[in-house]
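Visitor: Shown below is the structure under consideration.
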Amino acid sequence: MLQREGEIRNPSGCAVTGVIDRSGKKMTGESMIEAIAVMHDRSNGLGGGFAGYGIYPHYKDFYAFHLFYETQKAQEETEAFIRRHFEIVYSSEIQTRKLPTVKNEPVIFRYFLAPLPRKLANSHLDEREYVARCVIRINAETTGAYVFSSGKNMGIFKGVGYPEDIGRFYRLEEYEGYAWTCHGRYPTNTPGWWGGAHPFGLLDLSVVHNGEISSYDANRRYMEMFGYRCTLQTDTEVITYIVDYLHRRKGLTLQEVSRVIAASFWSTIARKEEPARSQETLLRRMFPSLLVTGPFSIIVGFEGGLLALGDRLKLRSMVCAEKGDKAYISSEESAIRKIEPSLDKIYAPAGGEPVIYELYGRRS
Amino acid sequence: MDLYIRPDYEVVRNTDRCIACRVCERQCANEVHTFDPETGKMRADESKCVNCHRCVSLCPTHALKIVKTDNTYRENANWSAQTINEVYRQANTGGVLLSSMGNPKPFPVFWDKMLLNASQVTNPPIDPLREPMETQLWLGKRTAKIERDEKGLLKDTLAPQLKLSVPILFSAMSYGSISYNAHESLARAAEELGTYYNTGEGGLHRDFYRYGKNTIVQVASGRFGVHKEYLETAAAIEIKMGQGAKPGIGGHLPGAKISADVSETRMIPQGVDAISPAPHHDIYSIEDLKQLVDSLKEATEHKKPIIVKIAAVHNAAAIASGIARSGADIIAIDGFRGGTGAAPTRIRDNVGIPIEMALAQIDARLRDEGIRDEVSILVGGSIRSSADVVKAIALGADACYIGTAALLALGCHLCRSCHTGKCNWGIATQRPDLVKRLNPDLAYKRLVNLVSAWKHEIEEIMGGMGINSLEALRGNRLMLRGIGLTDTELRLLGIRYAGESL
């Protein structure tokens, strides 16, 4: 019998796309579906997904948990756990559209949650750390339940199928957000279940990734020292944890995080001007085990922006473009042209060069 | 000649080729060869031969070879010839058997039971001839606080680290156990390679202070040659708690090797055996170690990393955890195959555990406890090739110490007779006539060649795995697969069996 996601390491090729309106104007998920559909051949029908930011304005102060349940028992156990740790402000099954191309879907639930104040106070944890630990615990310890989205005013929607079908399955044309990312997956193993699709998320962070990193086990074993548990054994999962650890927990800026993950070569750093040279040297000396090697291009979604980053040898394609307030990131230019044929600017960032698009007035 | 013990080897001379030039006679410090004026022929007394190949290598007519003797005792699977001879030897002298270099017994070598990965299709191999490939690394603590200055720039809050351009250092070999010329070769090679050599417990000769920035000085239980300037000159200080070849016992330098120069460097009397105690008498437990670590840091104004070297023993993981919490910056682990200039044979051949197991367990334990960043891990004993280096790093080491391989590069033929002080290759001796046989100008270049060759090979292997920096290889155990290993061995090494998928 084939092993399921998490029991094996599952490298995959992929397509990634993202868009943000920096003025904060909302757009539906429809354009993302159109864009990713152009790159149909970069996926193989074994996984697709989307992340939308700013989609839950009425519940923006609550953590939006999206969960997959495979059994009733898993749901009962998980809901008991959630009730012990959170106030459930609202919960319901996520509305989906039945499609012949999307099969074997699990039960998919959404909760808007606020941590129980006393429980949070007793934990001596920062609120986001408290929530992150709860998510990691459910995912590592509850069989048949999986939290696949846990941020505020954002949501991840994913499953097994071609991404355009997954988008329609989740009725993304009914959601409006200022930023979207999406992912089409070409795994080299049959994942068989939905938790393994991308984006991968923790709190408001979401990551879509194309590539297969060669540093995986070095990164994973390092991250597991800090309470992260890589239950899926995918690159995307460990990259998400690295960004979360460095950005949220260690307080590095996203620029600095990029200099750790896709560090410049020592020889390149030696040619840089101060203070870049000493700052980048310092980052490599502090976090050498978080250097990610091998091909990758990622789009990291966060509250207020998108970060695009490719590996330092640029072994995966990645194009960035701008049109007015909108900025686009994609594996292929065709996906951008499909939704915006006339662009102000289009370019391919160098390997290891982070591109950050943010809402006007926000500073990461 | 010994009545009981027959030599293991025979010196075979091709009389048709021999021209009786007497080179062999002059080259052999063991006095195996003699010239018989009556017959005009060379003779050999192989009972004195240590099989160091000096005469074989220098014979201008290739008239000599050393062969294993076919003279045999009545065969006995339980009592091998060596075992019998050792009994005879002890019955002769009443002494402890002494040996040199590493454990030669046929224990499993786990390096040879691990296979490496390479990229195919889903992720490209990287060609080190065309793309940058990084073998540079830093050793030391990585537990830095993120602090910023008024401009928002990160402050350097790291403890002092050592920068290496290759993950290979020369391990501790004292001046005394090896010669001045050998030390000079190691020091110059370390400088040219951008790495470090280690003084061992024999102090640092005045002439070599100029190589200080590539020198690790040792503080061992005998405190030989330790003074303020010695500590200040070094790039790092290593506290030697143990050695893989002789865990649980101290060092022993025979008086014959203590020349005037060695005596001055070690600050001990000339010609008297230098015996360092088994324990440090100021360290009877882990909290005492912390005090020595702190004292050395204070003495050097917290500018130098402190290394604590231990022999790989059964409880190595817990000991390492204690060391990681002692303030030490680097742990060096020496496996039971590590070399030595002199050790009791029974200790060398029966005490300790393989470095592969110790490393795997220590790395895993430090990660389980969340303190892997407190220390870097150096391993040695024995690292024989670039493949061993790559496997060690994938198991979790930061870098490797090489000793025996470095001596081989200098010309050592592993005759394992260092303790006699009569090294014909000028390495493990203090006799001026022998020392001068090792020319540092040529010898250091051989060390540079060896390490450069390994560096190229490491780059090729890493590139094949799609990895272009050592940092991404360290602890990357998915790159390893076991072959011919039991479930227990796989579990202890933390690797999967060959054929098991990612």
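The chains in the structure tokens are called A, B, ... from first to last as shown; in each chain the residues are counted from 1, and the ligands are counted from 1 in the order shown.
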Counting only C-alpha atoms, which residues from chain A have an atom at most 6 Å from any atom of chain B, and could you show them as a list in words?
Guide: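 Filtering chain A at 6 Å from chain B with only C-alpha atoms gives Arg9, Glu212, Ser214, Ser215, Asp217, Ala218, Met225, Met286, Pro288, Ser289, Thr293 and Gly294 of chain A.
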Visitor: DSSP on the backbone, then: every residue of range 353-387 of chain B marked alpha helix (DSSP H), written as an NGL selection string.
Guide: :B and (355-368 or 386-387)
Visitor: Store the residues picked out above, limited to N, CA and C atoms, as a PDB file, in the first residue's frame.
Guide:
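This went into result-v1.pdb:
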ATOM      1  N   ILE B 355      33.808   6.020  16.461  1.00  0.00           N
ATOM      2  CA  ILE B 355      33.472   7.440  16.364  1.00  0.00           C
ATOM      3  C   ILE B 355      32.110   7.633  15.693  1.00  0.00           C
ATOM      4  N   GLU B 356      31.770   6.763  14.740  1.00  0.00           N
ATOM      5  CA  GLU B 356      30.506   6.921  14.020  1.00  0.00           C
ATOM      6  C   GLU B 356      29.328   6.869  14.996  1.00  0.00           C
ATOM      7  N   MET B 357      29.370   5.886  15.900  1.00  0.00           N
ATOM      8  CA  MET B 357      28.284   5.726  16.869  1.00  0.00           C
ATOM      9  C   MET B 357      28.267   6.889  17.866  1.00  0.00           C
ATOM     10  N   ALA B 358      29.440   7.251  18.334  1.00  0.00           N
ATOM     11  CA  ALA B 358      29.512   8.335  19.318  1.00  0.00           C
ATOM     12  C   ALA B 358      28.988   9.631  18.704  1.00  0.00           C
ATOM     13  N   LEU B 359      29.420   9.923  17.495  1.00  0.00           N
ATOM     14  CA  LEU B 359      28.984  11.141  16.813  1.00  0.00           C
ATOM     15  C   LEU B 359      27.472  11.151  16.621  1.00  0.00           C
ATOM     16  N   ALA B 360      26.935  10.038  16.093  1.00  0.00           N
ATOM     17  CA  ALA B 360      25.494   9.986  15.813  1.00  0.00           C
ATOM     18  C   ALA B 360      24.697  10.208  17.091  1.00  0.00           C
ATOM     19  N   GLN B 361      25.141   9.592  18.162  1.00  0.00           N
ATOM     20  CA  GLN B 361      24.424   9.705  19.419  1.00  0.00           C
ATOM     21  C   GLN B 361      24.565  11.088  20.042  1.00  0.00           C
ATOM     22  N   ILE B 362      25.745  11.655  19.954  1.00  0.00           N
ATOM     23  CA  ILE B 362      25.959  12.979  20.549  1.00  0.00           C
ATOM     24  C   ILE B 362      25.158  14.039  19.796  1.00  0.00           C
ATOM     25  N   ASP B 363      25.221  13.982  18.475  1.00  0.00           N
ATOM     26  CA  ASP B 363      24.473  14.971  17.683  1.00  0.00           C
ATOM     27  C   ASP B 363      22.974  14.858  17.978  1.00  0.00           C
ATOM     28  N   ALA B 364      22.477  13.631  18.037  1.00  0.00           N
ATOM     29  CA  ALA B 364      21.042  13.439  18.291  1.00  0.00           C
ATOM     30  C   ALA B 364      20.675  13.922  19.698  1.00  0.00           C
ATOM     31  N   ARG B 365      21.526  13.605  20.659  1.00  0.00           N
ATOM     32  CA  ARG B 365      21.219  13.993  22.029  1.00  0.00           C
ATOM     33  C   ARG B 365      21.199  15.520  22.181  1.00  0.00           C
ATOM     34  N   LEU B 366      22.179  16.178  21.599  1.00  0.00           N
ATOM     35  CA  LEU B 366      22.228  17.636  21.731  1.00  0.00           C
ATOM     36  C   LEU B 366      21.007  18.278  21.072  1.00  0.00           C
ATOM     37  N   ARG B 367      20.552  17.677  19.959  1.00  0.00           N
ATOM     38  CA  ARG B 367      19.350  18.213  19.301  1.00  0.00           C
ATOM     39  C   ARG B 367      18.103  17.941  20.147  1.00  0.00           C
ATOM     40  N   ASP B 368      18.021  16.723  20.692  1.00  0.00           N
ATOM     41  CA  ASP B 368      16.867  16.400  21.542  1.00  0.00           C
ATOM     42  C   ASP B 368      16.756  17.385  22.698  1.00  0.00           C
ATOM     43  N   SER B 386      38.162  11.602   2.069  1.00  0.00           N
ATOM     44  CA  SER B 386      37.151  12.643   1.925  1.00  0.00           C
ATOM     45  C   SER B 386      35.748  12.070   2.094  1.00  0.00           C
ATOM     46  N   ALA B 387      35.563  10.817   1.717  1.00  0.00           N
ATOM     47  CA  ALA B 387      34.238  10.200   1.868  1.00  0.00           C
ATOM     48  C   ALA B 387      33.885  10.082   3.345  1.00  0.00           C
TER      49      ALA B 387
END
Visitor: May I have the residues within 10 Å of Glu30 in chain A as a compact mmCIF listing (two decimals) with C-alpha atoms, in the first residue's frame, using only C-alpha atoms and disregarding those fewer than 6 positions away in the same chain?
Guide:
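The file below, around.txt, is the result:
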# COMPACT_ATOMS: atom_id res chain seq x y z
CA GLU A 164 -8.11 25.44 -11.12
CA GLY A 167 -10.28 26.89 -6.74
CA ARG A 168 -13.74 26.30 -8.15
CA ARG A 171 -15.91 28.77 -4.69
CA LEU A 172 -13.05 31.22 -4.45
CA GLU A 173 -14.86 33.62 -6.78
CA GLU A 174 -16.97 34.41 -3.70
CA TYR A 175 -13.98 35.52 -1.59
CA GLU A 176 -12.35 38.92 -1.87
CA ILE A 339 -4.60 38.15 -16.17
Visitor: Which residues come within 12 Å of Asp204 in chain A, counting only C-alpha atoms, excluding same-chain residues fewer than 5 positions away, as an MDAnalysis selection string?
Guide: chainID A and resid 51:54 60 62:65 128 131:132 148:156 199 240 243:244 247:248 300:306
Visitor: Can you write out the residues you just picked, keeping N, CA and C atoms, as a compact mmCIF listing (two decimals), in the first residue's frame?
Guide:
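Done, and the output landed in out-v7.txt:
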# COMPACT_ATOMS: atom_id res chain seq x y z
N ALA A 51 -4.02 30.77 -1.20
CA ALA A 51 -4.10 31.51 0.06
C ALA A 51 -4.62 32.90 -0.27
N GLY A 52 -5.60 33.36 0.47
CA GLY A 52 -6.15 34.69 0.26
C GLY A 52 -5.98 35.52 1.51
N TYR A 53 -5.58 36.78 1.33
CA TYR A 53 -5.37 37.69 2.48
C TYR A 53 -6.41 38.80 2.48
N GLY A 54 -6.91 39.09 3.65
CA GLY A 54 -7.94 40.11 3.79
C GLY A 54 -9.33 39.59 3.47
N LYS A 60 -11.87 39.70 11.48
CA LYS A 60 -10.43 39.92 11.35
C LYS A 60 -9.65 39.83 12.67
N PHE A 62 -10.04 37.43 14.83
CA PHE A 62 -10.04 36.04 15.31
C PHE A 62 -9.19 35.15 14.42
N TYR A 63 -8.61 34.14 15.04
CA TYR A 63 -7.83 33.18 14.26
C TYR A 63 -8.78 32.30 13.47
N ALA A 64 -8.59 32.27 12.17
CA ALA A 64 -9.45 31.44 11.32
C ALA A 64 -8.76 30.10 11.11
N PHE A 65 -9.30 29.06 11.71
CA PHE A 65 -8.73 27.71 11.53
C PHE A 65 -9.51 27.00 10.44
N ARG A 128 0.49 34.57 19.87
CA ARG A 128 0.72 33.87 18.61
C ARG A 128 1.47 32.55 18.83
N VAL A 131 -1.05 30.02 19.97
CA VAL A 131 -1.85 29.50 18.86
C VAL A 131 -1.01 28.54 18.01
N ALA A 132 0.23 28.94 17.71
CA ALA A 132 1.09 28.10 16.88
C ALA A 132 1.29 26.73 17.52
N PHE A 148 -5.08 23.26 8.41
CA PHE A 148 -4.29 23.69 7.25
C PHE A 148 -4.30 25.19 7.04
N SER A 149 -4.94 25.91 7.95
CA SER A 149 -4.91 27.37 7.89
C SER A 149 -5.21 27.87 9.29
N SER A 150 -4.44 28.87 9.76
CA SER A 150 -4.62 29.27 11.16
C SER A 150 -4.35 30.75 11.41
N GLY A 151 -4.40 31.58 10.37
CA GLY A 151 -4.10 33.00 10.54
C GLY A 151 -5.33 33.85 10.75
N LYS A 152 -5.08 35.13 10.98
CA LYS A 152 -6.17 36.09 11.11
C LYS A 152 -6.44 36.75 9.76
N ASN A 153 -7.70 36.88 9.43
CA ASN A 153 -8.11 37.58 8.21
C ASN A 153 -7.41 37.05 6.96
N MET A 154 -7.15 35.76 6.96
CA MET A 154 -6.58 35.11 5.77
C MET A 154 -7.05 33.67 5.79
N GLY A 155 -6.91 33.01 4.66
CA GLY A 155 -7.32 31.62 4.64
C GLY A 155 -6.62 30.85 3.54
N ILE A 156 -6.36 29.58 3.82
CA ILE A 156 -5.77 28.69 2.84
C ILE A 156 -6.86 27.71 2.40
N PRO A 199 -0.93 25.78 -0.50
CA PRO A 199 0.07 26.33 0.41
C PRO A 199 0.09 25.63 1.77
N THR A 240 8.27 27.01 5.77
CA THR A 240 7.32 27.83 6.53
C THR A 240 7.79 27.98 7.98
N VAL A 243 10.75 30.37 8.22
CA VAL A 243 10.36 31.79 8.12
C VAL A 243 9.67 32.22 9.42
N ASP A 244 8.81 31.35 9.94
CA ASP A 244 8.11 31.67 11.19
C ASP A 244 9.12 31.87 12.33
N HIS A 247 11.43 35.07 11.59
CA HIS A 247 10.71 36.34 11.51
C HIS A 247 9.92 36.61 12.79
N ARG A 248 9.07 35.66 13.16
CA ARG A 248 8.22 35.91 14.32
C ARG A 248 8.97 35.72 15.64
N VAL A 300 6.02 33.72 -0.17
CA VAL A 300 5.57 33.72 1.21
C VAL A 300 4.50 34.79 1.34
N GLY A 301 3.32 34.39 1.76
CA GLY A 301 2.28 35.36 2.05
C GLY A 301 2.32 35.69 3.53
N PHE A 302 2.14 36.96 3.86
CA PHE A 302 2.06 37.35 5.27
C PHE A 302 1.07 38.48 5.38
N GLU A 303 0.70 38.86 6.58
CA GLU A 303 -0.29 39.90 6.75
C GLU A 303 0.27 41.20 6.18
N GLY A 304 -0.30 41.65 5.06
CA GLY A 304 0.14 42.92 4.48
C GLY A 304 1.10 42.79 3.31
N GLY A 305 1.44 41.57 2.90
CA GLY A 305 2.36 41.53 1.77
C GLY A 305 2.72 40.14 1.28
N LEU A 306 3.56 40.16 0.24
CA LEU A 306 4.08 38.93 -0.34
C LEU A 306 5.60 39.05 -0.47
Visitor: Using only C-alpha atoms, can you tell me which of B:Lys228, B:Arg206, B:Arg6, B:Arg325 comes closest to Glu184 in chain B?
Guide: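 Smallest distance to Glu184 in chain B is found for B:Arg206.
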Visitor: Between CA of Leu231 in chain B and CA of Ser171 in chain B, what distance in Å does the model show, to one decimal?
Guide: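 About the pair CA of Leu231 in chain B and CA of Ser171 in chain B: they are 17.5 Å apart.
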Visitor: For the atom pair CA of Ala182 in chain B and CA of Val50 in chain B, what is the interatomic distance in Å to one decimal place?
Guide: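 Between CA of Ala182 in chain B and CA of Val50 in chain B the gap is 20.5 Å.
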